[in-house]
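Note: the block below is start.txt and it holds compact mmCIF, C-alpha atoms and all ligand atoms.
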# COMPACT_ATOMS: atom_id res chain seq x y z
CA MET A 18 3.04 17.32 7.08
CA PRO A 19 3.10 13.87 8.69
CA ARG A 20 5.03 11.26 6.75
CA ALA A 21 3.26 8.07 5.80
CA PRO A 22 4.50 5.02 7.72
CA LYS A 23 7.18 3.11 5.85
CA THR A 24 6.14 -0.17 4.28
CA LYS A 25 9.52 -1.60 3.26
CA ALA A 26 9.57 -5.32 2.53
CA THR A 27 11.19 -7.40 5.26
CA PRO A 28 13.13 -10.63 4.71
CA ALA A 29 11.43 -13.97 5.32
CA GLY A 30 11.83 -15.17 8.90
CA SER A 31 12.00 -11.65 10.32
CA PRO A 32 9.25 -10.32 12.57
CA GLY A 33 7.91 -8.16 9.76
CA ALA A 34 7.78 -11.00 7.23
CA ALA A 35 4.15 -12.02 7.77
CA ARG A 36 1.59 -10.13 5.71
CA PRO A 37 -0.27 -7.46 7.65
CA GLN A 38 -3.63 -8.97 8.52
CA ALA A 39 -6.95 -7.45 9.44
CA ILE A 40 -6.70 -6.49 13.11
CA LYS A 41 -8.33 -9.12 15.25
CA THR A 42 -8.41 -8.96 19.01
CA ASP A 43 -9.93 -11.25 21.57
CA ALA A 44 -11.16 -8.26 23.55
CA PRO A 45 -14.75 -8.92 24.69
CA ALA A 46 -17.29 -7.05 22.63
CA GLY A 47 -21.01 -6.28 22.69
CA ALA A 48 -23.07 -7.79 25.49
CA GLU A 49 -20.08 -9.62 27.02
CA PHE A 50 -18.10 -6.39 27.32
CA GLU A 51 -21.08 -4.49 28.73
CA ALA A 52 -21.68 -7.20 31.35
CA LEU A 53 -18.05 -6.91 32.50
CA ARG A 54 -18.11 -3.13 32.41
CA ALA A 55 -21.33 -3.08 34.47
CA ARG A 56 -19.42 -4.65 37.37
CA LEU A 57 -17.07 -1.65 37.51
CA ASP A 58 -17.78 1.65 39.24
CA PRO A 59 -17.28 4.32 36.54
CA GLU A 60 -16.48 6.87 39.27
CA ARG A 61 -13.52 4.83 40.53
CA MET A 62 -11.66 3.95 37.38
CA PRO A 63 -7.90 4.53 37.40
CA ARG A 64 -6.89 7.63 35.47
CA HIS A 65 -3.61 5.97 34.63
CA LEU A 66 -2.96 2.23 34.42
CA ALA A 67 0.66 1.14 33.97
CA ILE A 68 1.63 -2.43 33.08
CA ILE A 69 4.88 -4.37 33.51
CA MET A 70 4.47 -7.02 30.82
CA ASP A 71 6.56 -9.91 32.11
CA GLY A 72 6.87 -13.62 31.44
CA ASN A 73 7.30 -13.81 27.67
CA GLY A 74 10.49 -15.85 28.00
CA ARG A 75 8.94 -18.33 30.45
CA TRP A 76 5.85 -18.67 28.24
CA ALA A 77 8.11 -19.67 25.35
CA ARG A 78 10.33 -21.97 27.44
CA ARG A 79 7.29 -23.93 28.66
CA ARG A 80 6.47 -24.62 25.02
CA HIS A 81 10.08 -25.44 24.06
CA LEU A 82 10.11 -22.39 21.82
CA PRO A 83 12.77 -19.68 21.48
CA ARG A 84 12.31 -16.69 23.80
CA VAL A 85 11.40 -14.45 20.87
CA ALA A 86 8.28 -16.57 20.24
CA GLY A 87 7.09 -15.37 23.66
CA HIS A 88 7.59 -11.75 22.64
CA ARG A 89 5.64 -12.30 19.44
CA ALA A 90 2.84 -14.02 21.34
CA GLY A 91 2.81 -11.05 23.71
CA ILE A 92 1.60 -8.77 20.91
CA ALA A 93 -1.90 -10.30 20.99
CA ALA A 94 -2.11 -9.52 24.71
CA VAL A 95 -0.95 -5.95 24.02
CA ARG A 96 -3.64 -5.58 21.38
CA SER A 97 -6.58 -6.87 23.43
CA THR A 98 -5.43 -4.92 26.52
CA VAL A 99 -5.09 -1.67 24.57
CA GLU A 100 -8.49 -2.14 22.96
CA THR A 101 -10.23 -2.99 26.22
CA CYS A 102 -8.68 -0.03 28.06
CA ALA A 103 -9.69 2.30 25.23
CA ARG A 104 -13.25 0.97 25.27
CA LEU A 105 -13.38 1.47 29.02
CA GLY A 106 -12.35 5.08 28.50
CA LEU A 107 -9.17 4.96 30.59
CA PRO A 108 -7.36 8.25 30.04
CA VAL A 109 -3.80 6.81 30.12
CA LEU A 110 -2.31 3.34 29.63
CA THR A 111 1.48 2.95 29.93
CA LEU A 112 3.19 -0.26 28.78
CA TYR A 113 6.74 -1.11 29.84
CA ALA A 114 7.90 -2.42 26.47
CA PHE A 115 11.71 -2.13 26.69
CA SER A 116 13.69 -1.14 29.75
CA ALA A 117 17.01 0.70 29.79
CA GLU A 118 18.46 -2.54 31.16
CA ASN A 119 17.06 -4.74 28.37
CA TRP A 120 20.08 -3.90 26.15
CA LYS A 121 21.94 -6.51 28.23
CA ARG A 122 19.95 -9.26 26.49
CA PRO A 123 21.43 -11.23 23.58
CA ARG A 124 21.89 -9.06 20.49
CA LEU A 125 19.48 -11.22 18.47
CA GLU A 126 16.72 -10.84 21.06
CA VAL A 127 17.20 -7.05 21.24
CA GLY A 128 17.12 -6.86 17.42
CA PHE A 129 13.96 -8.97 17.35
CA LEU A 130 12.25 -6.74 19.92
CA MET A 131 13.12 -3.63 17.91
CA ARG A 132 11.75 -5.15 14.69
CA LEU A 133 8.65 -6.35 16.53
CA LEU A 134 8.07 -2.83 17.79
CA ARG A 135 8.30 -1.43 14.25
CA GLU A 136 5.91 -4.10 13.02
CA TYR A 137 3.53 -3.28 15.86
CA LEU A 138 3.60 0.43 15.02
CA ARG A 139 2.83 -0.27 11.36
CA ARG A 140 0.07 -2.77 11.99
CA GLU A 141 -1.77 -1.12 14.83
CA LEU A 142 -2.49 2.20 13.18
CA PRO A 143 -6.04 1.12 12.15
CA LEU A 144 -6.79 0.12 15.76
CA LEU A 145 -5.34 3.39 17.06
CA ARG A 146 -7.51 5.27 14.57
CA ARG A 147 -10.65 3.26 15.28
CA HIS A 148 -10.42 4.00 19.00
CA GLN A 149 -8.93 7.49 18.65
CA ILE A 150 -5.87 6.42 20.66
CA ARG A 151 -2.96 8.85 20.90
CA LEU A 152 0.43 7.14 20.91
CA GLU A 153 3.28 8.57 22.96
CA ALA A 154 6.62 7.23 24.15
CA ILE A 155 8.77 7.84 27.20
CA GLY A 156 12.40 6.93 27.83
CA ARG A 157 15.75 7.83 26.33
CA LEU A 158 14.26 7.70 22.86
CA ARG A 159 17.26 9.33 21.18
CA GLU A 160 19.26 6.14 21.95
CA LEU A 161 16.84 3.90 20.03
CA PRO A 162 17.89 2.71 16.55
CA PRO A 163 17.10 5.48 14.01
CA ARG A 164 14.52 3.39 12.11
CA VAL A 165 12.63 2.61 15.31
CA ARG A 166 12.72 6.29 16.22
CA ASP A 167 11.43 7.27 12.77
CA ASP A 168 8.49 4.83 12.92
CA LEU A 169 7.73 5.90 16.47
CA GLU A 170 7.76 9.57 15.57
CA ASN A 171 5.54 8.89 12.55
CA THR A 172 2.93 7.02 14.56
CA CYS A 173 2.99 9.62 17.32
CA ARG A 174 2.52 12.35 14.71
CA LEU A 175 -0.25 10.48 12.90
CA THR A 176 -2.20 9.94 16.12
CA ALA A 177 -1.44 13.26 17.81
CA GLY A 178 -4.89 14.66 16.95
CA HIS A 179 -6.77 11.72 18.46
CA ALA A 180 -8.95 12.63 21.41
CA GLY A 181 -9.13 9.25 23.16
CA MET A 182 -6.83 7.30 25.45
CA ARG A 183 -3.12 8.08 25.57
CA LEU A 184 -1.13 4.91 24.96
CA VAL A 185 2.35 5.51 26.36
CA LEU A 186 5.12 3.07 25.40
CA ALA A 187 8.02 3.07 27.84
CA LEU A 188 11.02 2.37 25.59
CA ASN A 189 14.64 2.39 26.68
CA TYR A 190 13.00 3.56 29.88
CA GLY A 191 14.58 3.48 33.33
CA GLY A 192 13.15 5.21 36.39
CA ARG A 193 16.59 6.18 37.70
CA ALA A 194 17.67 7.50 34.30
CA GLU A 195 14.46 9.54 34.20
CA LEU A 196 15.30 11.14 37.56
CA VAL A 197 18.84 11.89 36.37
CA ASP A 198 17.42 13.45 33.20
CA ALA A 199 14.93 15.52 35.21
CA CYS A 200 17.67 16.81 37.55
CA ALA A 201 19.97 17.57 34.59
CA ALA A 202 17.17 19.53 32.89
CA LEU A 203 16.55 21.45 36.11
CA LEU A 204 20.23 22.32 36.46
CA ARG A 205 20.45 23.44 32.82
CA ARG A 206 17.52 25.78 33.39
CA ALA A 207 18.92 27.04 36.68
CA ARG A 208 22.50 27.74 35.54
CA PRO A 209 22.02 31.11 33.85
CA ARG A 210 20.02 32.40 36.76
CA ALA A 211 21.19 33.65 40.12
CA ARG A 212 21.51 30.82 42.58
CA LYS A 213 18.87 32.21 44.91
CA ASP A 214 16.24 31.66 42.19
CA PHE A 215 17.03 27.97 42.01
CA GLU A 216 14.40 25.96 43.74
CA LEU A 217 14.75 22.22 44.23
CA SER A 218 11.31 20.96 45.12
CA GLU A 219 9.12 17.94 44.46
CA ALA A 220 7.05 20.06 42.11
CA ALA A 221 10.17 21.13 40.17
CA ILE A 222 11.31 17.52 39.72
CA GLN A 223 7.80 16.37 38.81
CA ALA A 224 7.64 19.09 36.15
CA HIS A 225 10.79 17.73 34.48
CA LEU A 226 9.86 14.04 34.36
CA TYR A 227 9.09 12.39 31.02
CA THR A 228 5.54 12.06 32.36
CA ALA A 229 5.14 15.67 33.51
CA HIS A 230 1.96 16.01 31.43
CA LEU A 231 0.39 12.79 32.74
CA PRO A 232 -1.31 11.88 36.01
CA ASP A 233 0.72 9.52 38.22
CA PRO A 234 -0.30 5.88 37.77
CA ASP A 235 -3.16 4.84 40.05
CA LEU A 236 -2.63 1.17 39.36
CA ILE A 237 0.51 -0.73 38.40
CA LEU A 238 -0.12 -4.21 37.14
CA ARG A 239 2.59 -6.83 36.72
CA THR A 240 2.27 -10.23 35.11
CA SER A 241 4.21 -13.46 35.80
CA GLY A 242 4.18 -13.22 39.58
CA GLU A 243 7.37 -11.26 40.26
CA LEU A 244 7.08 -8.77 43.14
CA ARG A 245 9.36 -6.08 41.75
CA LEU A 246 9.06 -2.61 40.27
CA SER A 247 12.10 -3.19 38.01
CA ASN A 248 13.02 0.50 37.70
CA PHE A 249 9.55 1.40 36.37
CA LEU A 250 8.02 4.80 37.15
CA LEU A 251 9.93 5.03 40.44
CA TRP A 252 8.89 8.58 41.28
CA GLN A 253 5.38 8.34 39.88
CA SER A 254 4.53 5.08 41.68
CA ALA A 255 4.80 6.62 45.17
CA TYR A 256 1.09 6.06 45.88
CA ALA A 257 0.16 3.67 43.11
CA GLU A 258 -1.75 0.52 43.94
CA PHE A 259 0.16 -2.60 42.93
CA TRP A 260 -1.51 -5.72 41.51
CA VAL A 261 0.39 -8.85 40.51
CA THR A 262 -0.93 -11.87 38.67
CA PRO A 263 0.88 -15.18 38.11
CA VAL A 264 -0.44 -15.17 34.53
CA LEU A 265 2.39 -14.84 31.98
CA TRP A 266 2.04 -11.84 29.68
CA PRO A 267 1.19 -13.77 26.46
CA ASP A 268 -1.67 -15.46 28.38
CA PHE A 269 -2.98 -12.18 29.83
CA ARG A 270 -6.59 -11.65 28.74
CA PRO A 271 -9.18 -8.91 29.26
CA ARG A 272 -10.79 -11.01 32.04
CA ASP A 273 -7.49 -10.66 33.98
CA LEU A 274 -7.60 -6.93 33.39
CA PHE A 275 -11.17 -6.76 34.71
CA GLU A 276 -10.08 -8.74 37.77
CA ALA A 277 -7.31 -6.18 38.42
CA LEU A 278 -9.70 -3.26 38.00
CA LEU A 279 -12.28 -4.81 40.35
CA GLU A 280 -9.61 -5.41 42.98
CA TYR A 281 -8.34 -1.84 42.53
CA GLN A 282 -11.83 -0.51 43.15
CA ARG A 283 -12.02 -2.47 46.41
CA ARG A 284 -8.85 -0.83 47.75
CA GLU A 285 -8.94 2.13 50.10
CA ARG A 286 -6.42 4.77 49.05
CA ARG A 287 -5.26 6.94 51.91
CA TYR A 288 -2.07 8.62 50.63
CA GLY A 289 -0.59 8.49 54.13
CA GLY A 290 -3.74 9.93 55.74
CA VAL A 291 -6.57 8.21 57.56
CA PRO A 292 -10.04 7.26 56.30
CA PRO A 293 -12.47 10.20 56.59
CA GLU A 294 -14.70 8.33 59.08
CA SER A 295 -11.81 7.61 61.50
CA ASP A 296 -12.35 8.24 65.19
CA LEU A 297 -10.25 11.28 66.19
CA GLU A 298 -9.73 10.16 69.77
C1 LIG B 301 9.49 -9.26 29.62
O1 LIG B 301 9.41 -10.66 29.47
C2 LIG B 301 9.05 -8.61 28.40
C3 LIG B 301 9.83 -7.78 27.65
C4 LIG B 301 11.20 -7.42 27.98
C5 LIG B 301 9.36 -7.21 26.38
C6 LIG B 301 7.92 -6.85 26.33
C7 LIG B 301 7.52 -6.83 24.91
C8 LIG B 301 6.36 -7.26 24.41
C9 LIG B 301 5.25 -7.72 25.23
C10 LIG B 301 6.13 -7.27 22.94
C11 LIG B 301 6.34 -5.95 22.29
C12 LIG B 301 5.51 -4.89 22.86
C13 LIG B 301 5.03 -3.84 22.17
C14 LIG B 301 4.27 -2.78 22.87
C15 LIG B 301 5.22 -3.70 20.75
P1 LIG B 301 10.73 -11.53 29.69
O2 LIG B 301 11.32 -11.80 28.35
O3 LIG B 301 11.64 -10.85 30.65
O4 LIG B 301 10.12 -12.84 30.31
P2 LIG B 301 10.84 -13.81 31.35
O5 LIG B 301 10.98 -13.04 32.64
O6 LIG B 301 9.88 -14.96 31.46
O7 LIG B 301 12.16 -14.21 30.75

Once you've parsed the file, please lay out its structure as structure tokens.
Ligand code: FPP
Amino acid sequence: MPRAPKTKATPAGSPGAARPQAIKTDAPAGAEFEALRARLDPERMPRHLAIIMDGNGRWARRRHLPRVAGHRAGIAAVRSTVETCARLGLPVLTLYAFSAENWKRPRLEVGFLMRLLREYLRRELPLLRRHQIRLEAIGRLRELPPRVRDDLENTCRLTAGHAGMRLVLALNYGGRAELVDACAALLRRARPRARKDFELSEAAIQAHLYTAHLPDPDLILRTSGELRLSNFLLWQSAYAEFWVTPVLWPDFRPRDLFEALLEYQRRERRYGGVPPESDLE
């Protein structure tokens, strides 16, 4: 039986202090959304879009605000992006919300991010229900604070029956750690068997990744202009298309998302091969 999400009061000044409000997003709706969607080729939509949400700190600094204000402002961009992707019918959206390296940040910032995540999980349930979005998480989840883990498990359980887009939060996620975990899982499985049965192959590693049940990302989008992968989906990104915008994450809007999708649809994906019409001579 799924547990109801916790609704404990939070002290004033904490991320959870504001009253939950009706979910509002600035995702385009109605005729505006249809006009944007009409520019996209439904046959060439990415099956999996993955986003490195970067630039919250710079957004805040430009406004002489504390870094955490940038993280809070980033929630609105998360909301409108999730809603737009769900409306477009993307099968999978992965958001890099907290990397395995982010623990190095000041304790107060890490604490704020964890509370913001819990607040997000509590508040977004209506949106997840409305769009039949299934929430999942990848990363070393057992190392997250117990209360974050509880809220995460609750929301995953409450949305597990939804038939729409999978929203995957990468939390305490590191691509190298994921590969170590996959190899460790392979070795654990192989140990009781005779050595000759042990097969180390790309397929075997792929099958032990956190994302084994998901298609590899077709498009990786990064905000704030940095040209780095930052330990995100290292294995899975082998043939992903990469799109970077100078826009800082809190300023990211659905029109930026449409721009990325249009550019993605203009790309020719060859996976190391040649275009079908190539001259053989
Ligand atoms: C990188 O910006 C962003 C993060 C480390 C956190 C991302 C979190 C959010 C967008 C809000 C919470 C998300 C969810 C899904 C609940 P940065 O701080 O490194 O920016 P900077 O490079 O400008 O300093």

Q: For each of A:Ala199, A:Cys173, A:Val165, A:Ala77, take the minimum atom-to-atom distance to Ala220 (chain A), counting all atoms listed in the file, then give the residue where this is smallest.
A: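 Among A:Ala199, A:Cys173, A:Val165, A:Ala77, it is A:Ala199 that comes nearest to Ala220 (chain A).
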
Q) From the set A:Ile92, A:Ala207, A:Val109, A:Ala224, which residue has the shortest atom-to-atom contact distance to ligand LIG 301 (chain B), counting all atoms listed in the file? A)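 Checking each candidate against ligand LIG 301 (chain B), we get A:Ile92 as the closest.
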
So that I can check the surroundings of region 217-219 of chain A, please list as a JSON list (two decimals) with C-alpha atoms, in the coordinates of the input every protein, DNA and RNA residue that reaches within 10 Å of it, counting all atoms listed in the file and ignoring chain neighbours fewer than 6 positions away.
[["chain", "number", "residue", "atom", "x", "y", "z"],
["A", 200, "CYS", "CA", 17.67, 16.81, 37.55],
["A", 203, "LEU", "CA", 16.55, 21.45, 36.11],
["A", 204, "LEU", "CA", 20.23, 22.32, 36.46],
["A", 207, "ALA", "CA", 18.92, 27.04, 36.68],
["A", 252, "TRP", "CA", 8.89, 8.58, 41.28]]

Q. Just how far from CA of Ser97 (chain A) is CA of Leu144 (chain A), in Å to one decimal?
A. 10.4 Å

**Q.** Distance of CA of Phe50 (chain A) from CA of Trp260 (chain A), expressed in Å to one decimal place
**A.**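 It comes out at 21.8 Å.
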
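From atom C11 of ligand LIG 301 (chain B) back to CA of Gly156 (chain A), the distance works out to 15.3 Å.
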
Q. Nearest to ligand LIG 301 (chain B) among A:Leu152, A:Ala90, A:Leu226, A:Leu246, with distances taken over only C-alpha atoms and all ligand atoms: which residue is it?
A. A:Ala90

Contacts between region 115-123 of chain A and region 34-89 of chain A, please, where a residue of region 34-89 of chain A counts if it comes within 12 Å (with all atoms listed in the file); show its shortest atom pair and distance in Å to one decimal, rows by chain and ascending number, as a Markdown table.
| residue | atom | partner | partner_atom | distance |
| --- | --- | --- | --- | --- |
| A:Ile68 | CA | A:Phe115 | CA | 11.9 |
| A:Ile69 | CA | A:Phe115 | CA | 9.9 |
| A:Met70 | CA | A:Phe115 | CA | 9.7 |
| A:Asp71 | CA | A:Phe115 | CA | 10.8 |
| A:Gly74 | CA | A:Arg122 | CA | 11.6 |
| A:Arg84 | CA | A:Pro123 | CA | 10.6 |
| A:Val85 | CA | A:Pro123 | CA | 10.9 |
| A:His88 | CA | A:Phe115 | CA | 11.2 |

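Proximity to Glu100 (chain A) was assessed for A:Ala202, A:Leu238, A:Met182, A:Val291 counting all atoms listed in the file; the smallest distance is recorded for A:Met182.
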
Q. Neighbours of ligand LIG 301 (chain B) within 9 Å, counting all atoms listed in the file, as a PyMOL selection string?
A. chain A and resi 69-78+84-85+87-96+112-116+119+130-131+133-138+186-188+241+243+265-267

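Between Glu170 (chain A) and the residues A:His230, A:Arg139, A:Arg146, A:His225, the shortest atom-to-atom distance, using only C-alpha atoms, involves A:Arg139.
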
Q: Considering all atoms listed in the file, state which residue in the set A:Leu196, A:Leu231, A:Leu105, A:Leu274 is at the smallest distance from Glu153 (chain A).
A: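 Among the listed residues, the smallest separation from Glu153 (chain A) belongs to A:Leu231.
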
Q: Using only C-alpha atoms, determine which residues lie at most 8 Å from Leu158 (chain A), disregarding the query and same-chain residues fewer than 4 positions distant; provide the list as a list in words.
A: Ala154, Arg166, Leu188 and Asn189 of chain A

Give me the box for region 182-192 of chain A as JSON, namely the centre and edge lengths in Å to one decimal of a box along x, y and z that holds every listed atom plus 3 Å on each side.
{"center_x": 3.9, "center_y": 5.2, "center_z": 30.7, "size_x": 27.5, "size_y": 11.7, "size_z": 17.4}

Residues within 10 Å of Leu278 (chain A), all atoms listed in the file, excluding chain neighbours under 6 positions, as a CSV table (one decimal) with C-alpha atoms, in the coordinates of the input:
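For reference, part-v1.csv as written:
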chain,number,residue,atom,x,y,z
A,56,ARG,CA,-19.4,-4.6,37.4
A,57,LEU,CA,-17.1,-1.6,37.5
A,58,ASP,CA,-17.8,1.6,39.2
A,61,ARG,CA,-13.5,4.8,40.5
A,62,MET,CA,-11.7,4.0,37.4
A,63,PRO,CA,-7.9,4.5,37.4
A,66,LEU,CA,-3.0,2.2,34.4
A,236,LEU,CA,-2.6,1.2,39.4
A,238,LEU,CA,-0.1,-4.2,37.1
A,260,TRP,CA,-1.5,-5.7,41.5
A,272,ARG,CA,-10.8,-11.0,32.0

(Q) I want to know what sits within 12 Å of Glu258 (chain A), based on only C-alpha atoms, with residues of the same chain fewer than 4 positions away left out; could you give that as a list in words? (A)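 Here the answer would be Pro63, His65, Leu66, Ala67, Ile68, Asp233, Pro234, Asp235, Leu236, Ile237, Leu238, Arg239, Leu246, Gln253, Ser254, Ala277, Leu278, Glu280, Tyr281, Gln282, Arg283, Arg284, Glu285, Arg286, Arg287 and Tyr288 of chain A.
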
Q. Near Arg54 (chain A), counting only C-alpha atoms, which residues have an atom at most 12 Å away, once you skip same-chain residues fewer than 5 positions from it, shown as a list in words?
A.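 The residues satisfying every condition are Pro45, Ala46, Gly47, Ala48, Glu49, Pro59, Met62, Thr101, Cys102, Arg104, Leu105, Gly106, Pro271, Arg272, Leu274, Phe275, Glu276, Leu278 and Leu279 of chain A.
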
Kindly export the residues of the current selection with C-alpha atoms, as a tab-separated table (two decimals), keeping the file's coordinate frame.
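And here's result_38.tsv as it stands now:
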chain	number	residue	atom	x	y	z
A	45	PRO	CA	-14.75	-8.92	24.69
A	46	ALA	CA	-17.29	-7.05	22.63
A	47	GLY	CA	-21.01	-6.28	22.69
A	48	ALA	CA	-23.07	-7.79	25.49
A	49	GLU	CA	-20.08	-9.62	27.02
A	59	PRO	CA	-17.28	4.32	36.54
A	62	MET	CA	-11.66	3.95	37.38
A	101	THR	CA	-10.23	-2.99	26.22
A	102	CYS	CA	-8.68	-0.03	28.06
A	104	ARG	CA	-13.25	0.97	25.27
A	105	LEU	CA	-13.38	1.47	29.02
A	106	GLY	CA	-12.35	5.08	28.50
A	271	PRO	CA	-9.18	-8.91	29.26
A	272	ARG	CA	-10.79	-11.01	32.04
A	274	LEU	CA	-7.60	-6.93	33.39
A	275	PHE	CA	-11.17	-6.76	34.71
A	276	GLU	CA	-10.08	-8.74	37.77
A	278	LEU	CA	-9.70	-3.26	38.00
A	279	LEU	CA	-12.28	-4.81	40.35
